[in-house]
Every structure is written in C-alpha cells, then in structure tokens.
$ cat run35.txt   # compact mmCIF, C-alpha atoms
# COMPACT_ATOMS: atom_id res chain seq x y z
CA MET A 26 173.70 -23.46 25.76
CA LYS A 27 177.02 -24.98 26.89
CA HIS A 28 179.85 -22.72 28.06
CA LEU A 29 183.44 -23.30 29.09
CA VAL A 30 183.92 -21.81 32.56
CA PHE A 31 187.37 -20.54 33.53
CA THR A 32 188.91 -18.25 36.12
CA VAL A 33 190.92 -15.06 35.98
CA LYS A 34 192.04 -14.06 39.46
CA ASP A 35 189.03 -14.80 41.69
CA GLU A 36 186.32 -14.39 39.07
CA LYS A 37 184.58 -17.00 36.93
CA PHE A 38 184.12 -16.28 33.24
CA ALA A 39 182.51 -18.28 30.46
CA ILE A 40 182.71 -18.55 26.68
CA ASP A 41 180.31 -20.34 24.36
CA ILE A 42 181.71 -23.87 23.93
CA MET A 43 181.25 -23.64 20.16
CA ARG A 44 184.11 -21.08 20.05
CA ILE A 45 186.60 -23.41 21.78
CA VAL A 46 189.17 -25.26 19.67
CA GLU A 47 191.28 -26.82 22.43
CA ILE A 48 192.81 -26.27 25.87
CA LEU A 49 196.58 -26.40 26.43
CA ASN A 50 199.01 -26.36 29.30
CA PRO A 51 201.28 -23.31 29.05
CA VAL A 52 203.95 -23.53 26.35
CA ASP A 53 206.83 -21.30 25.26
CA VAL A 54 205.55 -17.98 23.97
CA HIS A 55 207.60 -16.07 21.39
CA THR A 56 207.51 -12.33 22.03
CA ILE A 57 206.94 -9.89 19.20
CA PRO A 58 207.90 -6.22 19.50
CA ASP A 59 205.34 -3.42 19.35
CA LEU A 60 202.27 -5.45 20.30
CA PRO A 61 199.81 -4.21 22.92
CA PRO A 62 201.06 -5.09 26.42
CA PHE A 63 198.26 -7.60 27.07
CA ILE A 64 199.41 -9.81 24.17
CA ASP A 65 202.19 -12.02 25.49
CA GLY A 66 203.29 -13.05 21.99
CA VAL A 67 202.61 -16.08 19.81
CA ILE A 68 202.94 -19.84 19.98
CA ASN A 69 203.64 -22.30 17.20
CA LEU A 70 200.93 -24.94 17.48
CA ARG A 71 201.42 -27.72 14.94
CA GLY A 72 202.73 -25.22 12.37
CA ASN A 73 200.08 -22.57 13.07
CA ILE A 74 201.13 -19.23 14.58
CA ILE A 75 198.63 -18.36 17.32
CA PRO A 76 198.65 -15.07 19.27
CA ILE A 77 198.24 -15.32 23.06
CA ILE A 78 196.08 -12.77 24.89
CA ASN A 79 196.84 -12.62 28.60
CA LEU A 80 193.43 -11.96 30.17
CA ARG A 81 195.00 -10.86 33.48
CA LYS A 82 196.81 -8.09 31.63
CA ARG A 83 193.76 -7.30 29.47
CA PHE A 84 191.69 -6.84 32.64
CA ASP A 85 194.45 -4.71 34.23
CA ILE A 86 195.34 -7.28 36.90
CA ASP A 87 199.00 -6.80 37.73
CA GLU A 88 199.94 -9.83 39.78
CA PRO A 89 200.97 -12.94 37.81
CA SER A 90 199.10 -16.22 37.96
CA GLU A 91 200.65 -19.19 39.74
CA LYS A 92 199.14 -21.64 37.29
CA ALA A 93 197.63 -21.13 33.89
CA ARG A 94 195.97 -22.69 30.87
CA ILE A 95 195.71 -21.55 27.28
CA ILE A 96 192.27 -21.75 25.71
CA ILE A 97 192.47 -21.75 21.91
CA ILE A 98 189.35 -20.12 20.46
CA ARG A 99 187.98 -19.21 17.05
CA PHE A 100 188.24 -15.44 16.65
CA ASP A 101 187.68 -13.46 13.47
CA ASN A 102 188.12 -16.59 11.27
CA GLU A 103 191.43 -17.42 12.98
CA SER A 104 192.65 -19.07 16.16
CA VAL A 105 193.67 -17.04 19.19
CA GLY A 106 194.87 -18.23 22.59
CA LEU A 107 193.52 -16.86 25.86
CA LEU A 108 195.84 -17.20 28.85
CA VAL A 109 193.63 -17.83 31.90
CA ASP A 110 194.28 -18.98 35.47
CA SER A 111 192.34 -22.24 35.33
CA VAL A 112 189.66 -24.10 33.43
CA VAL A 113 186.81 -25.06 35.76
CA GLU A 114 184.16 -26.97 33.80
CA ILE A 115 181.78 -27.13 30.89
CA LYS A 116 178.43 -25.85 32.14
CA GLU A 117 174.97 -25.71 30.63
CA LEU A 118 173.65 -22.17 31.12
CA GLU A 119 170.01 -21.63 30.28
CA THR A 120 168.92 -18.33 28.74
CA GLU A 121 166.82 -17.51 31.83
CA GLN A 122 169.95 -17.84 34.02
CA ILE A 123 171.72 -15.08 32.07
CA SER A 124 170.91 -11.42 32.60
CA ARG A 125 172.24 -8.26 31.03
CA PRO A 126 175.06 -6.64 32.97
CA SER A 127 173.94 -3.98 35.43
CA ARG A 128 174.76 -0.33 34.85
CA LEU A 129 177.40 -0.69 37.56
CA PHE A 130 179.52 -2.66 35.09
CA ARG A 131 179.59 0.17 32.58
CA GLY A 132 183.12 1.48 32.28
CA PHE A 133 184.81 -1.41 34.09
CA ARG A 134 185.65 -3.48 31.05
CA ALA A 135 181.94 -3.62 30.31
CA GLU A 136 182.73 -3.96 26.62
CA PHE A 137 183.92 -7.52 27.32
CA ILE A 138 180.74 -8.58 29.13
CA LYS A 139 177.84 -10.16 27.26
CA GLY A 140 175.89 -11.13 30.36
CA ILE A 141 175.96 -12.33 33.94
CA ALA A 142 174.87 -15.88 34.75
CA ASN A 143 173.56 -16.94 38.11
CA PRO A 144 173.32 -20.73 37.92
CA GLY A 145 172.58 -21.01 41.67
CA LYS A 146 174.44 -21.51 44.93
CA GLU A 147 175.55 -17.85 45.04
CA ASP A 148 177.61 -18.59 41.94
CA VAL A 149 178.11 -15.73 39.47
CA ILE A 150 179.67 -16.30 36.07
CA ILE A 151 180.56 -13.46 33.72
CA ILE A 152 179.72 -14.36 30.12
CA MET A 153 182.43 -12.83 27.92
CA ASP A 154 181.76 -11.14 24.61
CA ILE A 155 184.88 -12.60 23.08
CA ASP A 156 184.45 -10.62 19.86
CA LYS A 157 185.14 -7.40 21.77
CA VAL A 158 188.33 -8.46 23.56
CA LEU A 159 190.39 -6.86 20.78
CA THR A 160 189.77 -3.58 18.98
CA THR A 161 189.91 -3.44 15.18
CA GLU A 162 193.32 -1.70 15.34
CA GLU A 163 194.67 -4.39 17.68
CA ILE A 164 193.44 -7.14 15.35
CA VAL A 165 195.16 -5.53 12.35
CA LYS A 166 198.43 -5.06 14.25
CA LEU A 167 198.31 -8.62 15.55
CA LYS A 168 197.70 -10.09 12.09
CA GLU A 169 200.57 -8.07 10.62
CA SER A 170 202.95 -9.17 13.39
CA SER A 171 201.89 -12.82 13.12
CA LYS A 172 202.39 -12.79 9.33
CA GLN A 173 205.86 -11.27 9.77
CA LEU A 174 206.81 -13.89 12.37
CA GLU A 175 205.51 -16.66 10.11
CA LYS A 176 207.62 -15.28 7.25
CA ASP A 177 210.69 -15.03 9.53
CA LEU A 178 210.21 -18.65 10.67
CA LEU A 179 209.93 -19.86 7.07
CA ASP A 180 213.06 -17.87 6.10
CA ASP A 181 214.96 -19.46 8.98
CA ARG A 182 214.02 -22.95 7.78
CA GLY A 183 214.90 -22.25 4.15

$ encode --input "run35.txt" --output "structure tokens"
Amino acid sequence: MKHLVFTVKDEKFAIDIMRIVEILNPVDVHTIPDLPPFIDGVINLRGNIIPIINLRKRFDIDEPSEKARIIIIRFDNESVGLLVDSVVEIKELETEQISRPSRLFRGFRAEFIKGIANPGKEDVIIIMDIDKVLTTEEIVKLKESSKQLEKDLLDDRG
C-alpha cells in the first residue's frame, strides 16, 4: 500500500496515499475565533474553504517550523489541510512492515497512531490514523465555523 511520508519535527509520519488530494506551499491562513488552538484557521482554495490543522500544535510541539507544507486530505467527506514540516516521499509499505504500536505509545497521542512501519535501514515511520486527529466535538465546531466564514465571504462579495 502506498503512503505519503512527511515530517513533523524530527519524526516521519505517513498517510495512505488514497486520502491525499494535493500538496501546497504555505498560503495565507484566515483565523477564526473560538477554534481549538491546533487549528490555525482556514484557507480559500479555488473557492473552497479548507480548515488547516497544525500538526506541530496538535502533537504539543511548541517551537515553530522553519519550513512547511500543507497536505490537503479527504476527511469526513470534506477536505482538510494538515500543516507539516516537509513532505519526504511516496513510499510503498507492505503489510508485514507495519506493526501495531507498542504499549509504550499508549497515552502519548496513541489515538493518532495506526501502526509503526519499519521499512529498513533503521527507519521508523509512524502510520497516522487520520480519522482520529479530530474529536467529534472538534469536527462539529470546525464545520460550523467554516460555514460561517463561507457565509461572511459571500456576504462581502454581494
């Protein structure tokens, strides 16, 4: 199965390539009040309002990234952007290369981890469970805020 490999701080993460819509250089992000602190805001991508989840903030990493990319993914029948440090490669990861996370991962953002891949050469890649990056409450709040911003943008044009 093919995965997009990216970095957050010094760690490599991967997402199933079938979830990826596109990869962008950073663009202007519009902030929205009252969102969880790990959501930087939204972008307007060809008329679509897309929320941006800052994975450094989501993983409780305080220092900012020097460079970044936005990975647009399919999430809950919509598009969401993930702000990451860099995009490394598209990598074929065989099922036998992926193991369940050890008990040591429990508690440390374990809810985001689907598995650990060891494709060789001392490389370790954390396979993200992208469906668990946001809680149900966060999804509802984000959708409400995005709809309000979309309405505000339309009102400004009209």

$ closest_residue --input "run35.txt" --among "A:Leu159, A:Val109, A:Leu167, A:Ile141" --to "Glu91 (chain A)" --atoms "only C-alpha atoms"
A:Val109

$ residues_around --input "run35.txt" --residues "Val67 (chain A)" --least-positions-apart "6" --cutoff "12 Å" --atoms "all atoms listed in the file" --output "number ranges by chain"
A: 51-58, 60, 73-79, 95, 97, 104-108, 167-168, 170-175

$ residues_near_point --input "run35.txt" --point "(180.5, -24.7, 35.3)" --cutoff "9 Å" --atoms "all atoms listed in the file" --output "list in words"
His28, Leu29, Val30, Phe31, Lys37, Ala39, Val113, Glu114, Ile115, Lys116, Glu117, Leu118, Pro144 and Ile150 of chain A

$ atom_distance --input "run35.txt" --atom1 "CA of Lys139 (chain A)" --atom2 "CA of Thr32 (chain A)"
16.3 Å

$ axis_aligned_box --input "run35.txt" --around "region 116-126 of chain A" --padding-each-side "6 Å" --output "AutoDock Vina command-line options"
--center_x 172.6 --center_y -16.2 --center_z 31.4 --size_x 23.6 --size_y 31.2 --size_z 17.3

$ atom_distance --input "run35.txt" --atom1 "CA of Leu80 (chain A)" --atom2 "CA of Gly145 (chain A)"
25.5 Å

$ build_atoms --input "run35.txt" --residues "region 87-114 of chain A" --atoms "N, CA and C atoms" --output "PDB file, keeping the file's coordinate frame"
ATOM      1  N   ASP A  87     197.541  -6.837  37.783  1.00  0.00           N
ATOM      2  CA  ASP A  87     199.000  -6.800  37.730  1.00  0.00           C
ATOM      3  C   ASP A  87     199.697  -8.081  38.180  1.00  0.00           C
ATOM      4  N   GLU A  88     199.202  -8.690  39.255  1.00  0.00           N
ATOM      5  CA  GLU A  88     199.940  -9.830  39.780  1.00  0.00           C
ATOM      6  C   GLU A  88     199.848 -11.039  38.849  1.00  0.00           C
ATOM      7  N   PRO A  89     200.962 -11.782  38.708  1.00  0.00           N
ATOM      8  CA  PRO A  89     200.970 -12.940  37.810  1.00  0.00           C
ATOM      9  C   PRO A  89     200.199 -14.121  38.398  1.00  0.00           C
ATOM     10  N   SER A  90     199.802 -15.016  37.543  1.00  0.00           N
ATOM     11  CA  SER A  90     199.100 -16.220  37.960  1.00  0.00           C
ATOM     12  C   SER A  90     200.102 -17.305  38.329  1.00  0.00           C
ATOM     13  N   GLU A  91     199.771 -18.093  39.348  1.00  0.00           N
ATOM     14  CA  GLU A  91     200.650 -19.190  39.740  1.00  0.00           C
ATOM     15  C   GLU A  91     200.540 -20.373  38.782  1.00  0.00           C
ATOM     16  N   LYS A  92     199.356 -20.577  38.260  1.00  0.00           N
ATOM     17  CA  LYS A  92     199.140 -21.640  37.290  1.00  0.00           C
ATOM     18  C   LYS A  92     198.337 -21.052  36.144  1.00  0.00           C
ATOM     19  N   ALA A  93     198.339 -21.708  35.030  1.00  0.00           N
ATOM     20  CA  ALA A  93     197.630 -21.130  33.890  1.00  0.00           C
ATOM     21  C   ALA A  93     197.267 -22.218  32.881  1.00  0.00           C
ATOM     22  N   ARG A  94     196.356 -21.860  32.013  1.00  0.00           N
ATOM     23  CA  ARG A  94     195.970 -22.690  30.870  1.00  0.00           C
ATOM     24  C   ARG A  94     195.808 -21.747  29.680  1.00  0.00           C
ATOM     25  N   ILE A  95     195.956 -22.302  28.504  1.00  0.00           N
ATOM     26  CA  ILE A  95     195.710 -21.550  27.280  1.00  0.00           C
ATOM     27  C   ILE A  95     194.485 -22.154  26.609  1.00  0.00           C
ATOM     28  N   ILE A  96     193.484 -21.318  26.400  1.00  0.00           N
ATOM     29  CA  ILE A  96     192.270 -21.750  25.710  1.00  0.00           C
ATOM     30  C   ILE A  96     192.380 -21.229  24.281  1.00  0.00           C
ATOM     31  N   ILE A  97     192.433 -22.134  23.325  1.00  0.00           N
ATOM     32  CA  ILE A  97     192.470 -21.750  21.910  1.00  0.00           C
ATOM     33  C   ILE A  97     191.027 -21.598  21.449  1.00  0.00           C
ATOM     34  N   ILE A  98     190.713 -20.410  20.913  1.00  0.00           N
ATOM     35  CA  ILE A  98     189.350 -20.120  20.460  1.00  0.00           C
ATOM     36  C   ILE A  98     189.358 -19.702  19.001  1.00  0.00           C
ATOM     37  N   ARG A  99     188.174 -19.774  18.381  1.00  0.00           N
ATOM     38  CA  ARG A  99     187.980 -19.210  17.050  1.00  0.00           C
ATOM     39  C   ARG A  99     187.662 -17.739  17.226  1.00  0.00           C
ATOM     40  N   PHE A 100     188.426 -16.879  16.524  1.00  0.00           N
ATOM     41  CA  PHE A 100     188.240 -15.440  16.650  1.00  0.00           C
ATOM     42  C   PHE A 100     188.499 -14.814  15.293  1.00  0.00           C
ATOM     43  N   ASP A 101     187.506 -14.164  14.739  1.00  0.00           N
ATOM     44  CA  ASP A 101     187.680 -13.460  13.470  1.00  0.00           C
ATOM     45  C   ASP A 101     188.266 -14.379  12.396  1.00  0.00           C
ATOM     46  N   ASN A 102     187.703 -15.578  12.253  1.00  0.00           N
ATOM     47  CA  ASN A 102     188.120 -16.590  11.270  1.00  0.00           C
ATOM     48  C   ASN A 102     189.541 -17.111  11.483  1.00  0.00           C
ATOM     49  N   GLU A 103     190.101 -16.906  12.670  1.00  0.00           N
ATOM     50  CA  GLU A 103     191.430 -17.420  12.980  1.00  0.00           C
ATOM     51  C   GLU A 103     191.404 -17.989  14.385  1.00  0.00           C
ATOM     52  N   SER A 104     192.529 -18.568  14.796  1.00  0.00           N
ATOM     53  CA  SER A 104     192.650 -19.070  16.160  1.00  0.00           C
ATOM     54  C   SER A 104     193.454 -18.094  16.990  1.00  0.00           C
ATOM     55  N   VAL A 105     193.008 -17.907  18.229  1.00  0.00           N
ATOM     56  CA  VAL A 105     193.670 -17.040  19.190  1.00  0.00           C
ATOM     57  C   VAL A 105     193.703 -17.779  20.512  1.00  0.00           C
ATOM     58  N   GLY A 106     194.777 -17.608  21.277  1.00  0.00           N
ATOM     59  CA  GLY A 106     194.870 -18.230  22.590  1.00  0.00           C
ATOM     60  C   GLY A 106     194.552 -17.224  23.678  1.00  0.00           C
ATOM     61  N   LEU A 107     193.801 -17.672  24.680  1.00  0.00           N
ATOM     62  CA  LEU A 107     193.520 -16.860  25.860  1.00  0.00           C
ATOM     63  C   LEU A 107     194.251 -17.478  27.036  1.00  0.00           C
ATOM     64  N   LEU A 108     195.138 -16.715  27.665  1.00  0.00           N
ATOM     65  CA  LEU A 108     195.840 -17.200  28.850  1.00  0.00           C
ATOM     66  C   LEU A 108     194.964 -16.898  30.052  1.00  0.00           C
ATOM     67  N   VAL A 109     194.525 -17.954  30.746  1.00  0.00           N
ATOM     68  CA  VAL A 109     193.630 -17.830  31.900  1.00  0.00           C
ATOM     69  C   VAL A 109     194.283 -18.543  33.086  1.00  0.00           C
ATOM     70  N   ASP A 110     193.708 -18.353  34.274  1.00  0.00           N
ATOM     71  CA  ASP A 110     194.280 -18.980  35.470  1.00  0.00           C
ATOM     72  C   ASP A 110     193.961 -20.471  35.541  1.00  0.00           C
ATOM     73  N   SER A 111     192.715 -20.826  35.283  1.00  0.00           N
ATOM     74  CA  SER A 111     192.340 -22.240  35.330  1.00  0.00           C
ATOM     75  C   SER A 111     191.079 -22.456  34.515  1.00  0.00           C
ATOM     76  N   VAL A 112     190.894 -23.695  34.105  1.00  0.00           N
ATOM     77  CA  VAL A 112     189.660 -24.100  33.430  1.00  0.00           C
ATOM     78  C   VAL A 112     188.869 -24.885  34.467  1.00  0.00           C
ATOM     79  N   VAL A 113     187.611 -24.482  34.684  1.00  0.00           N
ATOM     80  CA  VAL A 113     186.810 -25.060  35.760  1.00  0.00           C
ATOM     81  C   VAL A 113     185.950 -26.217  35.267  1.00  0.00           C
ATOM     82  N   GLU A 114     185.114 -25.944  34.245  1.00  0.00           N
ATOM     83  CA  GLU A 114     184.160 -26.970  33.800  1.00  0.00           C
ATOM     84  C   GLU A 114     183.460 -26.519  32.527  1.00  0.00           C
TER      85      GLU A 114
END
